[in-house]
Amino acid sequence: SVKQHVVRKFLGLISSHNIPVYLIDPLVLGLVDKDIEQIRSSPDGPSLECKYFCVPRDFTTFALLDKTWKHEVGLFRTAEKMGFQWLKIINKDPRLDGMDDLSGIEIPLHYIFKLASHAIHLVVFYERSGNYLWHGPLRLKQHMDRKFVPFRKLHFGRYPGAYEKPELLLVSIDDLKVQIPKNPSSFLEEMSHSRFLECRYREARAFFQLYPDDASLDAVEFRKKAKSLLHLAALTLNNLGVKFWLSSGTCLGWYRQCNVIPHSKDVDLGVFIKDYKADIIPAFQKAGLPLKHKFGKVEDSLELSFQGEDDVKLDIFFFYEEDDYIWNGGTQAKSGKKFKYLFPKFTLCWTEFVELKVHVPCETHQYVEANYGPDWKIPVKTWDWKSSPSNVQYNGVWPVDEWDDVIQIY
């Protein structure tokens with residue numbers, strides 16, 4: 001098979017230059033995953049038929065960790081001698097961007113090696129400060145040959161992606177030695193939810209030109225406490241396997257100013273009610289965050305609040321999915337009144353915030369605008385959770401005989 005032949009030549013090319021790559025091709029990994037036990041148990045298993053690398057496809061995709069190789073001219077010279085045509089795709093390095101500097105420095109993000117009718121797509125992964133791996137989007141420059149390969153069919157390229165660092169396993173498939181993620185199915189699952197959004201430094205800078213940042217000692221202290229509370233909350237929820245995202249004011253701070261809003265006084269997270277686990281409360285208490293209040297119940301309007309350091313609290317809002325919208329609830333303790341906050345449907349993307357890999361709604365603009373209205377860019381210091389949000393609705397009153405259960409304050 002041409003495909004197997006091209007993969008064999010490519011693996012020969014990179015091993016002659018001691019470049020460690022690993023297979024991340026979703027089609028091939030999906031097939032490998034079905035036979036993973038058998039493949040693990042026979043590291044040099046004789047393979048009479050070409051079962052994996054011969055399946056019909058335009059590309060085979062590999063990954064390369066940036067820090068494990070030097071950008072050698074020699075590699076490309078050897079590739080040309082072996083008959084490969086190659087293309088390098090570069091773009092801005094977002095890791096160097098900050099509030100003071102949009103660096104514009106470019107780094108290699110993707111390489112394409114083409115031989116005969118098959119191409120190898122080599123995706124470059126970079127380590128980022130939240131201790132995860134990131135790859136950039138595939139954006140062709142004006143002068144590039146758009147017919148070089150069918151770019152639209154590339155699995156890694158339309159969006160940037162974020163991944164945990166995978167453990168690797170050396171296996172023999174179709175008579176070729178190749179590294180793969182140790183758990184292909186969890187890598188493929190991660191891939192389906194890997195889309196990454198960069199913080200919007202350009203817009204944040206414009207915001208701070210209009211509304212200078214609060215650099216007071218109180219603001220600096222609060223941001224420090226909010227950051228450590230967010231890291232502790234992320235650790236606790238990740239250990240439980242509970243998916244969460246930045247919500248309310250914390251999400252607004254990320255989207256509008258790439259930072260925690262200093263006068264917000266709390267950290268807000270969202271969790272889908274289907275991901276609720278009974279051990280959330282004990283896990284936070286064990287982490288040193290006592291329960292401050294519990295409003296609502298699992299079936300309706302659940303919210304939890306935990307007490308962090310000093311007066312910084314952590315609010316977790318649970319979201320309920322209806323046919324055409326998503327909502328979370330609110331409860332007024334003294335009256336038993338219920339409120340409902342409606343959001344357009346959204347999906348979750350990764351971002352980096354206060355040195356943490358964390359989820360935000362992919363449709364951030366619609367999410368923020370639902371909550372804060374069309375004037376969300378203008379800072380507001382007085383906020384009434386019962387009347388200020390654009391998306392709040394009155395939702396009845398809790399029956400008095402349920403109050404002991406649905407209004408718990410500690």
# chains A, B, ... in the order shown; residues from 1 in each chain; ligands from 1
>>> residues_around(residues="Val406 (chain A)", least_positions_apart="6", cutoff="7 Å", atoms="only C-alpha atoms", output="list in words")
Phe295, Gly296 and Lys297 of chain A
>>> residues_around(residues="region 97-104 of chain A", least_positions_apart="2", cutoff="9 Å", atoms="only C-alpha atoms", output="ChimeraX atom specification")
/A:91-95,106,201-202,204-205,258
>>> closest_residue(among="A:His71, A:His155, A:Tyr132, A:Phe10", to="Pro26 (chain A)", atoms="only C-alpha atoms")
A:His155
>>> residues_around(residues="Asp214 (chain A)", least_positions_apart="2", cutoff="12 Å", atoms="only C-alpha atoms", output="list of chain:residue names")
A:Phe208, A:Tyr211, A:Pro212, A:Ser216, A:Leu217, A:Asp218, A:Ala219, A:Val220, A:Glu221, A:Phe222, A:Arg223, A:Gln257, A:Asn259, A:Val260, A:Ile261, A:Pro262, A:His263, A:Pro379
>>> write_last_selection(atoms="N, CA and C atoms", output="PDB file, in the first residue's frame")
ATOM      1  N   PHE A 208      -8.853  48.496  29.102  1.00  0.00           N
ATOM      2  CA  PHE A 208      -8.108  49.186  30.169  1.00  0.00           C
ATOM      3  C   PHE A 208      -7.719  50.614  29.793  1.00  0.00           C
ATOM      4  N   TYR A 211     -10.985  52.155  30.891  1.00  0.00           N
ATOM      5  CA  TYR A 211     -11.247  51.987  32.325  1.00  0.00           C
ATOM      6  C   TYR A 211      -9.970  51.474  32.983  1.00  0.00           C
ATOM      7  N   PRO A 212      -9.085  52.374  33.418  1.00  0.00           N
ATOM      8  CA  PRO A 212      -7.792  51.927  33.970  1.00  0.00           C
ATOM      9  C   PRO A 212      -7.968  50.869  35.065  1.00  0.00           C
ATOM     10  N   SER A 216      -4.820  48.884  43.255  1.00  0.00           N
ATOM     11  CA  SER A 216      -4.711  49.077  44.707  1.00  0.00           C
ATOM     12  C   SER A 216      -4.282  47.779  45.385  1.00  0.00           C
ATOM     13  N   LEU A 217      -3.787  47.912  46.601  1.00  0.00           N
ATOM     14  CA  LEU A 217      -3.350  46.745  47.367  1.00  0.00           C
ATOM     15  C   LEU A 217      -4.499  45.744  47.545  1.00  0.00           C
ATOM     16  N   ASP A 218      -5.694  46.264  47.815  1.00  0.00           N
ATOM     17  CA  ASP A 218      -6.869  45.396  47.986  1.00  0.00           C
ATOM     18  C   ASP A 218      -7.144  44.576  46.728  1.00  0.00           C
ATOM     19  N   ALA A 219      -7.071  45.246  45.574  1.00  0.00           N
ATOM     20  CA  ALA A 219      -7.348  44.553  44.304  1.00  0.00           C
ATOM     21  C   ALA A 219      -6.309  43.476  44.038  1.00  0.00           C
ATOM     22  N   VAL A 220      -5.043  43.803  44.290  1.00  0.00           N
ATOM     23  CA  VAL A 220      -3.952  42.840  44.072  1.00  0.00           C
ATOM     24  C   VAL A 220      -4.132  41.630  44.990  1.00  0.00           C
ATOM     25  N   GLU A 221      -4.465  41.902  46.250  1.00  0.00           N
ATOM     26  CA  GLU A 221      -4.690  40.824  47.233  1.00  0.00           C
ATOM     27  C   GLU A 221      -5.866  39.943  46.823  1.00  0.00           C
ATOM     28  N   PHE A 222      -6.961  40.593  46.408  1.00  0.00           N
ATOM     29  CA  PHE A 222      -8.141  39.823  46.035  1.00  0.00           C
ATOM     30  C   PHE A 222      -7.839  38.905  44.846  1.00  0.00           C
ATOM     31  N   ARG A 223      -7.136  39.446  43.838  1.00  0.00           N
ATOM     32  CA  ARG A 223      -6.829  38.628  42.655  1.00  0.00           C
ATOM     33  C   ARG A 223      -5.958  37.430  43.031  1.00  0.00           C
ATOM     34  N   GLN A 257     -11.381  41.289  30.169  1.00  0.00           N
ATOM     35  CA  GLN A 257     -10.114  41.906  30.578  1.00  0.00           C
ATOM     36  C   GLN A 257      -9.000  40.910  30.885  1.00  0.00           C
ATOM     37  N   ASN A 259      -8.565  38.817  33.071  1.00  0.00           N
ATOM     38  CA  ASN A 259      -8.157  38.793  34.479  1.00  0.00           C
ATOM     39  C   ASN A 259      -9.402  38.715  35.367  1.00  0.00           C
ATOM     40  N   VAL A 260      -9.156  38.506  36.640  1.00  0.00           N
ATOM     41  CA  VAL A 260     -10.232  38.500  37.633  1.00  0.00           C
ATOM     42  C   VAL A 260     -10.701  39.942  37.839  1.00  0.00           C
ATOM     43  N   ILE A 261     -12.020  40.159  37.868  1.00  0.00           N
ATOM     44  CA  ILE A 261     -12.555  41.507  38.135  1.00  0.00           C
ATOM     45  C   ILE A 261     -12.346  41.807  39.624  1.00  0.00           C
ATOM     46  N   PRO A 262     -11.571  42.860  39.963  1.00  0.00           N
ATOM     47  CA  PRO A 262     -11.139  43.024  41.357  1.00  0.00           C
ATOM     48  C   PRO A 262     -12.253  43.327  42.354  1.00  0.00           C
ATOM     49  N   HIS A 263     -13.389  43.904  41.890  1.00  0.00           N
ATOM     50  CA  HIS A 263     -14.438  44.218  42.868  1.00  0.00           C
ATOM     51  C   HIS A 263     -15.504  43.118  42.950  1.00  0.00           C
ATOM     52  N   PRO A 379     -17.944  48.542  32.962  1.00  0.00           N
ATOM     53  CA  PRO A 379     -17.902  47.986  34.322  1.00  0.00           C
ATOM     54  C   PRO A 379     -19.042  48.526  35.192  1.00  0.00           C
TER      55      PRO A 379
END
>>> select_by_dssp(residues="region 32-129 of chain A", states="strand (DSSP E)", output="ChimeraX atom specification")
/A:59-65,85-92,106-115,118-128
>>> write_last_selection(atoms="N, CA and C atoms", output="tab-separated table (two decimals), in the first residue's frame")
chain	number	residue	atom	x	y	z
A	59	PHE	N	-4.36	11.42	4.70
A	59	PHE	CA	-3.24	11.81	5.56
A	59	PHE	C	-3.01	10.74	6.60
A	60	THR	N	-1.82	10.75	7.16
A	60	THR	CA	-1.59	10.09	8.45
A	60	THR	C	-1.01	11.18	9.35
A	61	THR	N	-1.57	11.28	10.56
A	61	THR	CA	-1.21	12.41	11.43
A	61	THR	C	-0.33	11.96	12.59
A	62	PHE	N	0.77	12.68	12.80
A	62	PHE	CA	1.69	12.44	13.91
A	62	PHE	C	1.84	13.73	14.72
A	63	ALA	N	2.30	13.57	15.96
A	63	ALA	CA	2.54	14.73	16.83
A	63	ALA	C	4.01	14.80	17.18
A	64	LEU	N	4.46	16.01	17.43
A	64	LEU	CA	5.84	16.27	17.81
A	64	LEU	C	5.83	17.29	18.94
A	65	LEU	N	6.52	17.00	20.03
A	65	LEU	CA	6.63	17.99	21.11
A	65	LEU	C	7.76	18.95	20.75
A	85	GLN	N	7.91	16.16	-0.78
A	85	GLN	CA	7.74	17.62	-0.84
A	85	GLN	C	7.22	18.01	0.55
A	86	TRP	N	7.57	19.21	1.01
A	86	TRP	CA	7.13	19.57	2.37
A	86	TRP	C	6.68	21.02	2.44
A	87	LEU	N	5.88	21.29	3.44
A	87	LEU	CA	5.33	22.63	3.65
A	87	LEU	C	5.35	22.90	5.15
A	88	LYS	N	5.82	24.09	5.51
A	88	LYS	CA	5.84	24.47	6.93
A	88	LYS	C	4.81	25.58	7.14
A	89	ILE	N	3.97	25.41	8.16
A	89	ILE	CA	2.95	26.44	8.46
A	89	ILE	C	3.30	27.09	9.79
A	90	ILE	N	3.53	28.41	9.74
A	90	ILE	CA	3.91	29.14	10.96
A	90	ILE	C	2.82	30.15	11.32
A	91	ASN	N	2.79	30.50	12.58
A	91	ASN	CA	1.86	31.55	13.01
A	91	ASN	C	2.34	32.09	14.35
A	92	LYS	N	1.59	33.07	14.87
A	92	LYS	CA	2.02	33.76	16.10
A	92	LYS	C	2.08	32.82	17.30
A	106	GLU	N	6.64	34.49	15.38
A	106	GLU	CA	6.01	33.32	14.77
A	106	GLU	C	6.76	32.04	15.09
A	107	ILE	N	6.01	30.95	15.18
A	107	ILE	CA	6.58	29.63	15.50
A	107	ILE	C	5.98	28.60	14.52
A	108	PRO	N	6.70	27.48	14.29
A	108	PRO	CA	6.13	26.44	13.43
A	108	PRO	C	4.98	25.73	14.14
A	109	LEU	N	3.85	25.60	13.47
A	109	LEU	CA	2.68	24.94	14.07
A	109	LEU	C	2.38	23.59	13.41
A	110	HIS	N	2.59	23.51	12.09
A	110	HIS	CA	2.27	22.28	11.37
A	110	HIS	C	3.30	22.08	10.26
A	111	TYR	N	3.60	20.81	9.97
A	111	TYR	CA	4.39	20.45	8.79
A	111	TYR	C	3.59	19.43	7.99
A	112	ILE	N	3.66	19.55	6.67
A	112	ILE	CA	3.04	18.54	5.80
A	112	ILE	C	4.17	17.96	4.94
A	113	PHE	N	4.29	16.64	4.94
A	113	PHE	CA	5.26	15.94	4.08
A	113	PHE	C	4.46	15.12	3.08
A	114	LYS	N	4.64	15.38	1.78
A	114	LYS	CA	3.85	14.68	0.77
A	114	LYS	C	4.75	13.80	-0.10
A	115	LEU	N	4.27	12.58	-0.33
A	115	LEU	CA	5.00	11.66	-1.20
A	115	LEU	C	3.94	10.89	-1.98
A	118	HIS	N	0.03	10.31	-0.94
A	118	HIS	CA	-0.27	10.33	0.49
A	118	HIS	C	0.53	11.44	1.18
A	119	ALA	N	0.01	11.96	2.28
A	119	ALA	CA	0.73	13.02	3.00
A	119	ALA	C	0.77	12.70	4.48
A	120	ILE	N	1.85	13.14	5.11
A	120	ILE	CA	1.98	13.05	6.57
A	120	ILE	C	1.73	14.44	7.13
A	121	HIS	N	0.83	14.52	8.11
A	121	HIS	CA	0.57	15.79	8.79
A	121	HIS	C	1.25	15.71	10.15
A	122	LEU	N	2.24	16.56	10.36
A	122	LEU	CA	2.97	16.57	11.63
A	122	LEU	C	2.53	17.82	12.41
A	123	VAL	N	1.87	17.58	13.56
A	123	VAL	CA	1.32	18.67	14.38
A	123	VAL	C	2.32	18.96	15.50
A	124	VAL	N	2.70	20.23	15.64
A	124	VAL	CA	3.67	20.58	16.69
A	124	VAL	C	2.91	21.00	17.96
A	125	PHE	N	3.21	20.31	19.07
A	125	PHE	CA	2.59	20.64	20.36
A	125	PHE	C	3.58	21.43	21.22
A	126	TYR	N	3.05	22.42	21.92
A	126	TYR	CA	3.86	23.27	22.80
A	126	TYR	C	3.34	23.14	24.23
A	127	GLU	N	4.27	23.18	25.19
A	127	GLU	CA	3.85	23.20	26.60
A	127	GLU	C	3.45	24.60	26.98
A	128	ARG	N	2.37	24.71	27.76
A	128	ARG	CA	1.94	26.03	28.23
A	128	ARG	C	1.90	26.06	29.74
>>> closest_residue(among="A:Leu304, A:Ile36, A:Leu11, A:Leu133", to="Glu190 (chain A)", atoms="only C-alpha atoms")
A:Leu133
>>> closest_residue(among="A:Ser192, A:Asn371, A:Ser305, A:Asn131", to="Ser248 (chain A)", atoms="only C-alpha atoms")
A:Asn371
>>> residues_around(residues="Glu355 (chain A)", least_positions_apart="3", cutoff="8 Å", atoms="only C-alpha atoms", output="list in words")
Ser129, Gly130 and Glu352 of chain A
>>> write_last_selection(atoms="C-alpha atoms", output="PDB file, in the first residue's frame")
ATOM      1  CA  SER A 129       1.982  27.445  31.725  1.00  0.00           C
ATOM      2  CA  GLY A 130      -1.107  25.551  32.897  1.00  0.00           C
ATOM      3  CA  GLU A 352      -5.854  29.414  29.902  1.00  0.00           C
TER       4      GLU A 352
END
>>> closest_residue(among="A:Val400, A:Ile39, A:Val149, A:Leu210", to="Lys334 (chain A)", atoms="only C-alpha atoms")
A:Val400
>>> atom_distance(atom1="CA of Phe353 (chain A)", atom2="CA of Cys199 (chain A)")
7.8 Å
>>> select_by_dssp(residues="region 23-109 of chain A", states="alpha helix (DSSP H)", output="PyMOL selection string")
chain A and resi 26-34+36-41+73-81
>>> residues_around(residues="Gln393 (chain A)", least_positions_apart="4", cutoff="8 Å", atoms="only C-alpha atoms", output="list in words")
Phe339, Lys340, Tyr341 and Leu342 of chain A
>>> closest_residue(among="A:Ile316, A:Leu29, A:Ile281, A:Ile378", to="Val178 (chain A)", atoms="only C-alpha atoms")
A:Leu29
>>> residues_around(residues="Phe196 (chain A)", least_positions_apart="5", cutoff="10 Å", atoms="only C-alpha atoms", output="list in words")
Trp134, His135, Gly136, Pro137, Tyr159, Pro160, Gly161, Ala162, Tyr163, Leu348, Cys349, Trp350, Thr351, Glu352, Lys357, Val358, His359, Val360 and Cys362 of chain A
>>> atom_distance(atom1="CA of Lys177 (chain A)", atom2="CA of Asp33 (chain A)")
16.1 Å
>>> atom_distance(atom1="CA of Asp300 (chain A)", atom2="CA of Gly241 (chain A)")
22.1 Å
>>> decode(residues="region 206-220 of chain A", atoms="all heavy atoms", output="PDB file, in the first residue's frame")
ATOM      1  N   ALA A 206      -7.700  47.488  25.054  1.00  0.00           N
ATOM      2  CA  ALA A 206      -8.614  48.591  24.701  1.00  0.00           C
ATOM      3  C   ALA A 206      -9.532  48.901  25.888  1.00  0.00           C
ATOM      4  O   ALA A 206      -9.811  50.068  26.184  1.00  0.00           O
ATOM      5  CB  ALA A 206      -9.433  48.202  23.473  1.00  0.00           C
ATOM      6  N   PHE A 207      -9.968  47.855  26.591  1.00  0.00           N
ATOM      7  CA  PHE A 207     -10.835  48.042  27.757  1.00  0.00           C
ATOM      8  C   PHE A 207     -10.113  48.858  28.838  1.00  0.00           C
ATOM      9  O   PHE A 207     -10.658  49.814  29.388  1.00  0.00           O
ATOM     10  CB  PHE A 207     -11.259  46.672  28.313  1.00  0.00           C
ATOM     11  CG  PHE A 207     -11.984  46.744  29.630  1.00  0.00           C
ATOM     12  CD1 PHE A 207     -13.325  47.063  29.686  1.00  0.00           C
ATOM     13  CD2 PHE A 207     -11.306  46.500  30.823  1.00  0.00           C
ATOM     14  CE1 PHE A 207     -14.000  47.148  30.904  1.00  0.00           C
ATOM     15  CE2 PHE A 207     -11.955  46.575  32.049  1.00  0.00           C
ATOM     16  CZ  PHE A 207     -13.313  46.914  32.088  1.00  0.00           C
ATOM     17  N   PHE A 208      -8.853  48.496  29.102  1.00  0.00           N
ATOM     18  CA  PHE A 208      -8.108  49.186  30.169  1.00  0.00           C
ATOM     19  C   PHE A 208      -7.719  50.614  29.793  1.00  0.00           C
ATOM     20  O   PHE A 208      -7.450  51.434  30.664  1.00  0.00           O
ATOM     21  CB  PHE A 208      -6.869  48.377  30.580  1.00  0.00           C
ATOM     22  CG  PHE A 208      -7.214  47.182  31.428  1.00  0.00           C
ATOM     23  CD1 PHE A 208      -6.797  45.910  31.056  1.00  0.00           C
ATOM     24  CD2 PHE A 208      -7.959  47.322  32.595  1.00  0.00           C
ATOM     25  CE1 PHE A 208      -7.123  44.801  31.833  1.00  0.00           C
ATOM     26  CE2 PHE A 208      -8.282  46.227  33.371  1.00  0.00           C
ATOM     27  CZ  PHE A 208      -7.875  44.966  32.990  1.00  0.00           C
ATOM     28  N   GLN A 209      -7.693  50.906  28.487  1.00  0.00           N
ATOM     29  CA  GLN A 209      -7.453  52.299  28.099  1.00  0.00           C
ATOM     30  C   GLN A 209      -8.658  53.172  28.472  1.00  0.00           C
ATOM     31  O   GLN A 209      -8.522  54.319  28.849  1.00  0.00           O
ATOM     32  CB  GLN A 209      -7.164  52.379  26.597  1.00  0.00           C
ATOM     33  CG  GLN A 209      -5.711  52.024  26.301  1.00  0.00           C
ATOM     34  CD  GLN A 209      -5.438  51.797  24.826  1.00  0.00           C
ATOM     35  OE1 GLN A 209      -6.353  51.819  24.006  1.00  0.00           O
ATOM     36  NE2 GLN A 209      -4.183  51.574  24.496  1.00  0.00           N
ATOM     37  N   LEU A 210      -9.845  52.580  28.379  1.00  0.00           N
ATOM     38  CA  LEU A 210     -11.070  53.311  28.751  1.00  0.00           C
ATOM     39  C   LEU A 210     -11.288  53.309  30.259  1.00  0.00           C
ATOM     40  O   LEU A 210     -11.739  54.281  30.845  1.00  0.00           O
ATOM     41  CB  LEU A 210     -12.287  52.657  28.091  1.00  0.00           C
ATOM     42  CG  LEU A 210     -12.485  52.881  26.598  1.00  0.00           C
ATOM     43  CD1 LEU A 210     -13.639  52.035  26.087  1.00  0.00           C
ATOM     44  CD2 LEU A 210     -12.765  54.365  26.324  1.00  0.00           C
ATOM     45  N   TYR A 211     -10.985  52.155  30.891  1.00  0.00           N
ATOM     46  CA  TYR A 211     -11.247  51.987  32.325  1.00  0.00           C
ATOM     47  C   TYR A 211      -9.970  51.474  32.983  1.00  0.00           C
ATOM     48  O   TYR A 211      -9.768  50.259  33.073  1.00  0.00           O
ATOM     49  CB  TYR A 211     -12.387  50.981  32.554  1.00  0.00           C
ATOM     50  CG  TYR A 211     -13.619  51.277  31.744  1.00  0.00           C
ATOM     51  CD1 TYR A 211     -13.900  50.555  30.582  1.00  0.00           C
ATOM     52  CD2 TYR A 211     -14.502  52.290  32.121  1.00  0.00           C
ATOM     53  CE1 TYR A 211     -15.024  50.826  29.820  1.00  0.00           C
ATOM     54  CE2 TYR A 211     -15.629  52.566  31.364  1.00  0.00           C
ATOM     55  CZ  TYR A 211     -15.888  51.838  30.213  1.00  0.00           C
ATOM     56  OH  TYR A 211     -17.005  52.117  29.470  1.00  0.00           O
ATOM     57  N   PRO A 212      -9.085  52.374  33.418  1.00  0.00           N
ATOM     58  CA  PRO A 212      -7.792  51.927  33.970  1.00  0.00           C
ATOM     59  C   PRO A 212      -7.968  50.869  35.065  1.00  0.00           C
ATOM     60  O   PRO A 212      -8.912  50.929  35.848  1.00  0.00           O
ATOM     61  CB  PRO A 212      -7.179  53.215  34.519  1.00  0.00           C
ATOM     62  CG  PRO A 212      -7.815  54.291  33.693  1.00  0.00           C
ATOM     63  CD  PRO A 212      -9.208  53.828  33.405  1.00  0.00           C
ATOM     64  N   ASP A 213      -7.037  49.915  35.055  1.00  0.00           N
ATOM     65  CA  ASP A 213      -7.130  48.789  35.995  1.00  0.00           C
ATOM     66  C   ASP A 213      -6.940  49.273  37.431  1.00  0.00           C
ATOM     67  O   ASP A 213      -6.193  50.223  37.690  1.00  0.00           O
ATOM     68  CB  ASP A 213      -6.048  47.755  35.645  1.00  0.00           C
ATOM     69  CG  ASP A 213      -6.333  46.396  36.268  1.00  0.00           C
ATOM     70  OD1 ASP A 213      -7.467  46.197  36.762  1.00  0.00           O
ATOM     71  OD2 ASP A 213      -5.439  45.544  36.248  1.00  0.00           O
ATOM     72  N   ASP A 214      -7.626  48.603  38.339  1.00  0.00           N
ATOM     73  CA  ASP A 214      -7.484  48.898  39.771  1.00  0.00           C
ATOM     74  C   ASP A 214      -6.199  48.227  40.267  1.00  0.00           C
ATOM     75  O   ASP A 214      -6.107  47.007  40.301  1.00  0.00           O
ATOM     76  CB  ASP A 214      -8.711  48.343  40.507  1.00  0.00           C
ATOM     77  CG  ASP A 214      -8.665  48.620  42.005  1.00  0.00           C
ATOM     78  OD1 ASP A 214      -7.621  49.116  42.492  1.00  0.00           O
ATOM     79  OD2 ASP A 214      -9.665  48.342  42.692  1.00  0.00           O
ATOM     80  N   ALA A 215      -5.199  49.033  40.597  1.00  0.00           N
ATOM     81  CA  ALA A 215      -3.917  48.455  41.031  1.00  0.00           C
ATOM     82  C   ALA A 215      -3.731  48.628  42.538  1.00  0.00           C
ATOM     83  O   ALA A 215      -2.616  48.519  43.063  1.00  0.00           O
ATOM     84  CB  ALA A 215      -2.776  49.137  40.282  1.00  0.00           C
ATOM     85  N   SER A 216      -4.820  48.884  43.255  1.00  0.00           N
ATOM     86  CA  SER A 216      -4.711  49.077  44.707  1.00  0.00           C
ATOM     87  C   SER A 216      -4.282  47.779  45.385  1.00  0.00           C
ATOM     88  O   SER A 216      -4.409  46.696  44.813  1.00  0.00           O
ATOM     89  CB  SER A 216      -6.063  49.515  45.281  1.00  0.00           C
ATOM     90  OG  SER A 216      -6.996  48.453  45.163  1.00  0.00           O
ATOM     91  N   LEU A 217      -3.787  47.912  46.601  1.00  0.00           N
ATOM     92  CA  LEU A 217      -3.350  46.745  47.367  1.00  0.00           C
ATOM     93  C   LEU A 217      -4.499  45.744  47.545  1.00  0.00           C
ATOM     94  O   LEU A 217      -4.316  44.533  47.400  1.00  0.00           O
ATOM     95  CB  LEU A 217      -2.834  47.210  48.740  1.00  0.00           C
ATOM     96  CG  LEU A 217      -1.972  46.192  49.494  1.00  0.00           C
ATOM     97  CD1 LEU A 217      -0.771  45.764  48.655  1.00  0.00           C
ATOM     98  CD2 LEU A 217      -1.513  46.775  50.826  1.00  0.00           C
ATOM     99  N   ASP A 218      -5.694  46.264  47.815  1.00  0.00           N
ATOM    100  CA  ASP A 218      -6.869  45.396  47.986  1.00  0.00           C
ATOM    101  C   ASP A 218      -7.144  44.576  46.728  1.00  0.00           C
ATOM    102  O   ASP A 218      -7.440  43.386  46.808  1.00  0.00           O
ATOM    103  CB  ASP A 218      -8.120  46.239  48.302  1.00  0.00           C
ATOM    104  CG  ASP A 218      -8.147  46.671  49.760  1.00  0.00           C
ATOM    105  OD1 ASP A 218      -7.259  46.217  50.518  1.00  0.00           O
ATOM    106  OD2 ASP A 218      -9.039  47.461  50.138  1.00  0.00           O
ATOM    107  N   ALA A 219      -7.071  45.246  45.574  1.00  0.00           N
ATOM    108  CA  ALA A 219      -7.348  44.553  44.304  1.00  0.00           C
ATOM    109  C   ALA A 219      -6.309  43.476  44.038  1.00  0.00           C
ATOM    110  O   ALA A 219      -6.636  42.360  43.634  1.00  0.00           O
ATOM    111  CB  ALA A 219      -7.371  45.565  43.165  1.00  0.00           C
ATOM    112  N   VAL A 220      -5.043  43.803  44.290  1.00  0.00           N
ATOM    113  CA  VAL A 220      -3.952  42.840  44.072  1.00  0.00           C
ATOM    114  C   VAL A 220      -4.132  41.630  44.990  1.00  0.00           C
ATOM    115  O   VAL A 220      -4.011  40.475  44.573  1.00  0.00           O
ATOM    116  CB  VAL A 220      -2.571  43.523  44.294  1.00  0.00           C
ATOM    117  CG1 VAL A 220      -1.449  42.495  44.294  1.00  0.00           C
ATOM    118  CG2 VAL A 220      -2.338  44.585  43.229  1.00  0.00           C
TER     119      VAL A 220
END
